[in-house]
Amino acid sequence: MKRTRLVGAMLALGLLGGAPAGAELKAGSTLDQSNWEEAKDLLVPEVLAHYKEGKFASAIGEIKPGEYALDDRFHQATKANAGKFKLDEHGSVVEAATGKPPEYSFGGPFPDLDPKDPQVALKIMWNYEYAYWSNGDNRLQAFLMWLDEKSKSPERSIAVDTRAKVFEGNPNREPNPQQFSRLDKNFLVEPADLHGSATLGWRYKDPTHRDQLWAYVPALRRVRAVSPANRSDGIFGSEMTQDDGFNGFDAKPEDFTYKLVAMKEEYHSFSPDALEGHIKLMPHPSGRGWVFETPIARYGFREPGWKGLPWMPLDNTLVKRPIWLIEAVPNDRYYLYGKLVFGIDRETYKISNVVKYDWKGQAMGVFNRGIAYGRAPDGYRYVNITGGGRGGAYAENMKMHRATAADPSVPGTRGELDMHLPADGFQLENLAREGK
C-alpha cells in the first residue's frame with residue numbers, strides 16, 4: 001500500500017517520466033544512428049541528436065549488483081542525520097533544534113525525501129553536495145583541449161593541477177575556525193608560457209558570505225583579487241565553467257532556485273574500467289587516503305577513421321540509472337545561463353549530463369562526464385570526481401559548434417583522494433610562492 005500511495009502521488013505531480021519509445025538496449029549493444037530512437041526518453045534531446053545524426057556512438061553497459069555505491073560511512077551517517085537538519089530562509093542547512101548552521105556535519109543531511117515536499121529539490125542538492133564532499137581532500141590533474149567540429153587535433157591545450165581542501169562533509173573532521181566549506185587551488189602546468197599561473201578560492205558556509213577568489217600571474221608577479229561572480233564564464237577561455245567543476249555542478253547551493261521536474265531513468269556515462277571492476281585504488285604514500293592512475297582518454301579526434309564529433313569520449317559507456325531531474329535557475333540575473341537541467345542519480349547523487357539554456361529558454365551547451373567508481377582493499381568505496389579509468393568529459397558550445405574536452409590523464413601524475421592536505425597551503429601568502 002505504501003508503494004502504491006507513493007507512485008500515485010508521483011503520478012499526480014507529473015514526476016514519473018514516460019517509458020522509452022523503443023525496445024530496451026541490452027548490455028553489449030551499441031547506441032548509434034541505426035537505433036537512436038530506442039534512447040528517446042533516456043537521453044536529453046540535445047545529446048540524442050548527435051546519435052541521430054551519426055556523430056556519436058556509445059556502448060551500452062550494466063553495473064554489477066552492489067558495486068556502484070557511496071562508502072558505507074556516508075550511508076550510515078545519512079541515516080543517523082534523520083530529523084537533525086532543516087533549511088533556513090537562505091536555503092542553507094541548519095540544525096533543526098537551534099536554527100544555526102552545524103559546526104560540522106557528515107553524511108547527507110536529508111535521508112527522507114518526499115517528492116511532495118516543496119523544498120525537496122533543494123534538499124536533494126544538499127545531499128548531492130555532501131556526497132561530493134564525502135571523498136575528502138583530493139588532487140586531480142587534467143588536460144583541457146579546445147576542439148571544433150572539424151578538429152583532427154586540439155587547437156590549444158592546457159594542463160591543470162587542481163587541489164581541494166574539504167572541511168564540511170569530510171569524513172575526517174579538522175579545525176575550521178573560519179567555517180569554510182572547502183578551499184581550492186588551481187595551477188597551470190602547461191604550456192610553458194603560462195606555467196605558474198595559479199588561482200585560490202575560498203568557499204564559506206555562511207550563505208551571505210560570497211566566495212573569495214585570487215589569481216597569480218607570473219608575468220605580473222602579483223596576486224590579484226578576482227570577482228567570484230563570474231562562475232558561468234569559461235575557465236581560461238575554455239567552454240568549461242567554474243560551476244561545471246569536475247562533478248558536473250559546482251555552484252554554491254544557495255545561489256540557485258531548484259525545481260524537481262521528474263523522477264525517471266536516464267543514461268549516465270561510465271568508465272568501462274569501473275563497470276568491469278578494473279579500477280585499482282592504492283594506499284596514499286602519506287598513510288591516509290588513496291591514489292589511482294588514469295589511462296589516456298580515447299576521444300574521437302584520436303581515433304583513425306572516426307567520422308563523428310572529435311570531442312566524443314569513445315570509451316564512455318551508457319548505463320540506465322534512476323534519477324531526479326532537477327531544474328536550477330540562478331538567482332543572479334547576470335549569470336550567463338538562465339537555466340541548467342540535470343539528472344542526479346537517486347542512489348549515488350552523481351551527475352553525468354547537464355544541459356545549459358539561455359534566459360530565453362534556448363539550449364546553449366551541454367556538459368557530460370564519464371563516472372568512475374571503485375573499491376579499495378580495505379573495503380572503502382568511492383564514486384570519484386572524475387578519472388580513475390578510461391573515459392572523459394566535455395563541455396559543448398552548441399551555438400559555436402565547438403567544445404572543450406577534459407582528459408584526466410597527465411603523464412607522471414596520479415589522482416589522489418580522501419588524503420590530508422594542510423590548510424596552511426591554501427593561504428593567500430603562499431599563492432605567489434607556489435605559483436612560481
# chains A, B, ... in the order shown; residues from 1 in each chain; ligands from 1

$ residues_around --residues "Leu200 of chain A" --least-positions-apart "4" --cutoff "9 Å" --atoms "only C-alpha atoms" --output "NGL selection string"
:A and (183-186 or 212-216 or 426-428 or 431)

$ closest_atom_pairs --of "segment 239-288 of chain A" --to "segment 44-48 of chain A" --cutoff "12 Å" --atoms "only C-alpha atoms" --output "tab-separated table"
residue	atom	partner	partner_atom	distance
A:Glu265	CA	A:Val44	CA	11.2
A:Glu266	CA	A:Val44	CA	8.5
A:Tyr267	CA	A:Val44	CA	9.2
A:His268	CA	A:Val44	CA	10.9
A:Ser269	CA	A:Val47	CA	11.9

$ write_last_selection --atoms "N, CA and C atoms" --output "PDB file, in the first residue's frame"
ATOM      1  N   GLU A 265      14.249   7.524 -15.493  1.00  0.00           N
ATOM      2  CA  GLU A 265      15.506   6.860 -15.773  1.00  0.00           C
ATOM      3  C   GLU A 265      16.235   7.624 -16.872  1.00  0.00           C
ATOM      4  N   GLU A 266      17.570   7.584 -16.816  1.00  0.00           N
ATOM      5  CA  GLU A 266      18.383   8.324 -17.775  1.00  0.00           C
ATOM      6  C   GLU A 266      19.673   7.556 -17.991  1.00  0.00           C
ATOM      7  N   TYR A 267      20.219   7.648 -19.189  1.00  0.00           N
ATOM      8  CA  TYR A 267      21.534   7.086 -19.439  1.00  0.00           C
ATOM      9  C   TYR A 267      22.600   7.992 -18.838  1.00  0.00           C
ATOM     10  N   HIS A 268      23.433   7.423 -17.975  1.00  0.00           N
ATOM     11  CA  HIS A 268      24.616   8.119 -17.490  1.00  0.00           C
ATOM     12  C   HIS A 268      25.847   7.483 -18.111  1.00  0.00           C
ATOM     13  N   SER A 269      26.889   8.285 -18.305  1.00  0.00           N
ATOM     14  CA  SER A 269      28.139   7.809 -18.891  1.00  0.00           C
ATOM     15  C   SER A 269      29.063   7.285 -17.805  1.00  0.00           C
TER      16      SER A 269
END

$ residues_around --residues "segment 63-72 of chain A" --least-positions-apart "4" --cutoff "10 Å" --atoms "only C-alpha atoms" --output "PyMOL selection string"
chain A and resi 27+76-78+131-132+134-135+270+272+274-277+319-321+347-350+372-375+379-384

$ residues_around --residues "segment 223-237 of chain A" --least-positions-apart "4" --cutoff "9 Å" --atoms "only C-alpha atoms" --output "list in words"
Ile158, Thr199, Gly201, Arg210, Asp211, Gln212, Leu213, Trp214, Ala215, Tyr216, Val217, Thr241, Gln242, Asp243, Asp244, Ala251, Asp332, Tyr334, Tyr335, Leu336, Tyr337, Leu428, Glu429, Leu431 and Ala432 of chain A

$ closest_residue --among "A:Thr317, A:Asn353, A:Thr98, A:Thr162" --to "Gly415 of chain A" --atoms "only C-alpha atoms"
A:Thr162

$ select_by_dssp --residues "segment 60-258 of chain A" --states "alpha helix (DSSP H)" --output "MDAnalysis selection string"
chainID A and resid 72:80 120:133

$ closest_residue --among "A:Leu43, A:Arg203, A:Asn127, A:Ala57" --to "His75 of chain A" --atoms "only C-alpha atoms"
A:Asn127

$ residues_around --residues "Lys165 of chain A" --least-positions-apart "4" --cutoff "10 Å" --atoms "only C-alpha atoms" --output "PyMOL selection string"
chain A and resi 133+136-139+170+180-185+202+418-423+425-426

$ select_by_dssp --residues "segment 170-346 of chain A" --states "strand (DSSP E or B)" --output "ChimeraX atom specification"
/A:180-190,198-204,212-217,222-226,234,241,256-270,282-283,290-292,299,313,317-330,339-345

$ residues_around --residues "segment 392-398 of chain A" --least-positions-apart "2" --cutoff "6 Å" --atoms "only C-alpha atoms" --output "VMD selection string"
chain A and resid 239 to 240 297 313 364 to 370 400 to 407

$ write_last_selection --atoms "N, CA and C atoms" --output "tab-separated table (two decimals), in the first residue's frame"
chain	number	residue	atom	x	y	z
A	239	GLU	N	35.39	26.17	-22.83
A	239	GLU	CA	33.94	26.04	-22.73
A	239	GLU	C	33.50	25.50	-21.36
A	240	MET	N	34.45	25.04	-20.57
A	240	MET	CA	34.12	24.56	-19.23
A	240	MET	C	34.11	25.72	-18.25
A	297	ALA	N	42.44	9.14	-22.29
A	297	ALA	CA	41.07	9.07	-22.81
A	297	ALA	C	41.08	8.92	-24.33
A	313	PRO	N	33.81	11.16	-26.20
A	313	PRO	CA	34.64	10.19	-25.46
A	313	PRO	C	34.21	8.77	-25.85
A	364	MET	N	21.96	26.10	-25.00
A	364	MET	CA	23.24	26.71	-25.40
A	364	MET	C	24.39	25.72	-25.35
A	365	GLY	N	24.35	24.80	-24.38
A	365	GLY	CA	25.50	23.93	-24.21
A	365	GLY	C	25.17	22.69	-23.41
A	366	VAL	N	26.11	21.77	-23.42
A	366	VAL	CA	25.97	20.50	-22.69
A	366	VAL	C	27.29	20.20	-22.00
A	367	PHE	N	27.21	19.75	-20.77
A	367	PHE	CA	28.38	19.20	-20.08
A	367	PHE	C	28.11	17.73	-19.82
A	368	ASN	N	29.08	16.88	-20.17
A	368	ASN	CA	28.95	15.45	-19.94
A	368	ASN	C	30.25	14.91	-19.36
A	369	ARG	N	30.14	13.97	-18.44
A	369	ARG	CA	31.35	13.34	-17.90
A	369	ARG	C	31.11	11.86	-17.66
A	370	GLY	N	32.17	11.09	-17.84
A	370	GLY	CA	32.12	9.67	-17.52
A	370	GLY	C	32.41	9.46	-16.04
A	400	MET	N	28.26	27.64	-31.13
A	400	MET	CA	29.51	27.86	-31.86
A	400	MET	C	30.08	26.58	-32.45
A	401	HIS	N	29.42	25.44	-32.20
A	401	HIS	CA	29.85	24.15	-32.76
A	401	HIS	C	31.29	23.82	-32.35
A	402	ARG	N	31.55	23.95	-31.07
A	402	ARG	CA	32.86	23.63	-30.55
A	402	ARG	C	32.72	23.10	-29.13
A	403	ALA	N	33.82	22.59	-28.60
A	403	ALA	CA	33.77	22.02	-27.25
A	403	ALA	C	35.16	22.02	-26.65
A	404	THR	N	35.19	21.89	-25.32
A	404	THR	CA	36.43	21.64	-24.60
A	404	THR	C	36.33	20.24	-24.01
A	405	ALA	N	37.31	19.41	-24.31
A	405	ALA	CA	37.35	18.05	-23.77
A	405	ALA	C	38.38	17.99	-22.66
A	406	ALA	N	38.09	17.20	-21.63
A	406	ALA	CA	38.99	17.05	-20.48
A	406	ALA	C	39.52	15.63	-20.45
A	407	ASP	N	40.84	15.52	-20.43
A	407	ASP	CA	41.49	14.22	-20.32
A	407	ASP	C	42.17	14.16	-18.95

$ decode --residues "segment 45-106 of chain A" --atoms "C-alpha atoms" --output "PDB file, in the first residue's frame"
ATOM      1  CA  PRO A  45      17.277  15.757 -26.948  1.00  0.00           C
ATOM      2  CA  GLU A  46      20.411  17.896 -27.242  1.00  0.00           C
ATOM      3  CA  VAL A  47      22.634  14.833 -26.727  1.00  0.00           C
ATOM      4  CA  LEU A  48      20.385  12.333 -28.517  1.00  0.00           C
ATOM      5  CA  ALA A  49      20.535  14.466 -31.665  1.00  0.00           C
ATOM      6  CA  HIS A  50      24.223  13.582 -32.051  1.00  0.00           C
ATOM      7  CA  TYR A  51      23.372   9.875 -32.155  1.00  0.00           C
ATOM      8  CA  LYS A  52      20.575  10.521 -34.650  1.00  0.00           C
ATOM      9  CA  GLU A  53      22.997  12.396 -36.909  1.00  0.00           C
ATOM     10  CA  GLY A  54      25.690   9.704 -36.681  1.00  0.00           C
ATOM     11  CA  LYS A  55      28.073  11.968 -34.760  1.00  0.00           C
ATOM     12  CA  PHE A  56      28.049   9.928 -31.520  1.00  0.00           C
ATOM     13  CA  ALA A  57      28.145   6.184 -30.794  1.00  0.00           C
ATOM     14  CA  SER A  58      28.315   4.542 -27.351  1.00  0.00           C
ATOM     15  CA  ALA A  59      28.461   1.069 -25.916  1.00  0.00           C
ATOM     16  CA  ILE A  60      25.647   0.041 -23.575  1.00  0.00           C
ATOM     17  CA  GLY A  61      26.773  -1.462 -20.297  1.00  0.00           C
ATOM     18  CA  GLU A  62      25.500  -2.631 -16.949  1.00  0.00           C
ATOM     19  CA  ILE A  63      26.617  -2.312 -13.354  1.00  0.00           C
ATOM     20  CA  LYS A  64      27.350  -5.358 -11.243  1.00  0.00           C
ATOM     21  CA  PRO A  65      24.821  -5.535  -8.362  1.00  0.00           C
ATOM     22  CA  GLY A  66      26.013  -3.697  -5.264  1.00  0.00           C
ATOM     23  CA  GLU A  67      29.168  -2.257  -6.820  1.00  0.00           C
ATOM     24  CA  TYR A  68      28.098   1.305  -7.595  1.00  0.00           C
ATOM     25  CA  ALA A  69      27.615   2.834  -4.165  1.00  0.00           C
ATOM     26  CA  LEU A  70      28.953   5.550  -1.918  1.00  0.00           C
ATOM     27  CA  ASP A  71      31.041   4.461   1.026  1.00  0.00           C
ATOM     28  CA  ASP A  72      29.184   2.769   3.880  1.00  0.00           C
ATOM     29  CA  ARG A  73      30.311   5.542   6.231  1.00  0.00           C
ATOM     30  CA  PHE A  74      28.317   8.026   4.195  1.00  0.00           C
ATOM     31  CA  HIS A  75      25.169   5.874   4.166  1.00  0.00           C
ATOM     32  CA  GLN A  76      25.329   5.226   7.912  1.00  0.00           C
ATOM     33  CA  ALA A  77      25.867   8.907   8.681  1.00  0.00           C
ATOM     34  CA  THR A  78      22.986   9.876   6.381  1.00  0.00           C
ATOM     35  CA  LYS A  79      20.592   7.572   8.222  1.00  0.00           C
ATOM     36  CA  ALA A  80      21.781   8.985  11.561  1.00  0.00           C
ATOM     37  CA  ASN A  81      21.009  12.533  10.345  1.00  0.00           C
ATOM     38  CA  ALA A  82      17.244  11.898  10.218  1.00  0.00           C
ATOM     39  CA  GLY A  83      15.423  14.839  11.814  1.00  0.00           C
ATOM     40  CA  LYS A  84      18.600  16.743  12.691  1.00  0.00           C
ATOM     41  CA  PHE A  85      18.507  19.410   9.995  1.00  0.00           C
ATOM     42  CA  LYS A  86      16.217  21.812   8.144  1.00  0.00           C
ATOM     43  CA  LEU A  87      16.550  24.653   5.627  1.00  0.00           C
ATOM     44  CA  ASP A  88      16.596  28.296   6.711  1.00  0.00           C
ATOM     45  CA  GLU A  89      15.370  31.383   4.851  1.00  0.00           C
ATOM     46  CA  HIS A  90      18.564  31.441   2.744  1.00  0.00           C
ATOM     47  CA  GLY A  91      18.213  27.806   1.711  1.00  0.00           C
ATOM     48  CA  SER A  92      21.110  26.775   3.943  1.00  0.00           C
ATOM     49  CA  VAL A  93      21.338  23.670   6.108  1.00  0.00           C
ATOM     50  CA  VAL A  94      20.811  24.480   9.788  1.00  0.00           C
ATOM     51  CA  GLU A  95      20.247  22.415  12.903  1.00  0.00           C
ATOM     52  CA  ALA A  96      16.560  21.751  13.498  1.00  0.00           C
ATOM     53  CA  ALA A  97      16.965  22.269  17.239  1.00  0.00           C
ATOM     54  CA  THR A  98      18.891  25.576  17.199  1.00  0.00           C
ATOM     55  CA  GLY A  99      18.342  27.071  13.726  1.00  0.00           C
ATOM     56  CA  LYS A 100      22.105  27.558  13.453  1.00  0.00           C
ATOM     57  CA  PRO A 101      24.497  26.112  10.858  1.00  0.00           C
ATOM     58  CA  PRO A 102      26.241  22.986  12.124  1.00  0.00           C
ATOM     59  CA  GLU A 103      29.857  23.398  13.159  1.00  0.00           C
ATOM     60  CA  TYR A 104      30.481  20.196  11.237  1.00  0.00           C
ATOM     61  CA  SER A 105      28.363  17.517   9.655  1.00  0.00           C
ATOM     62  CA  PHE A 106      28.999  14.364   7.655  1.00  0.00           C
TER      63      PHE A 106
END
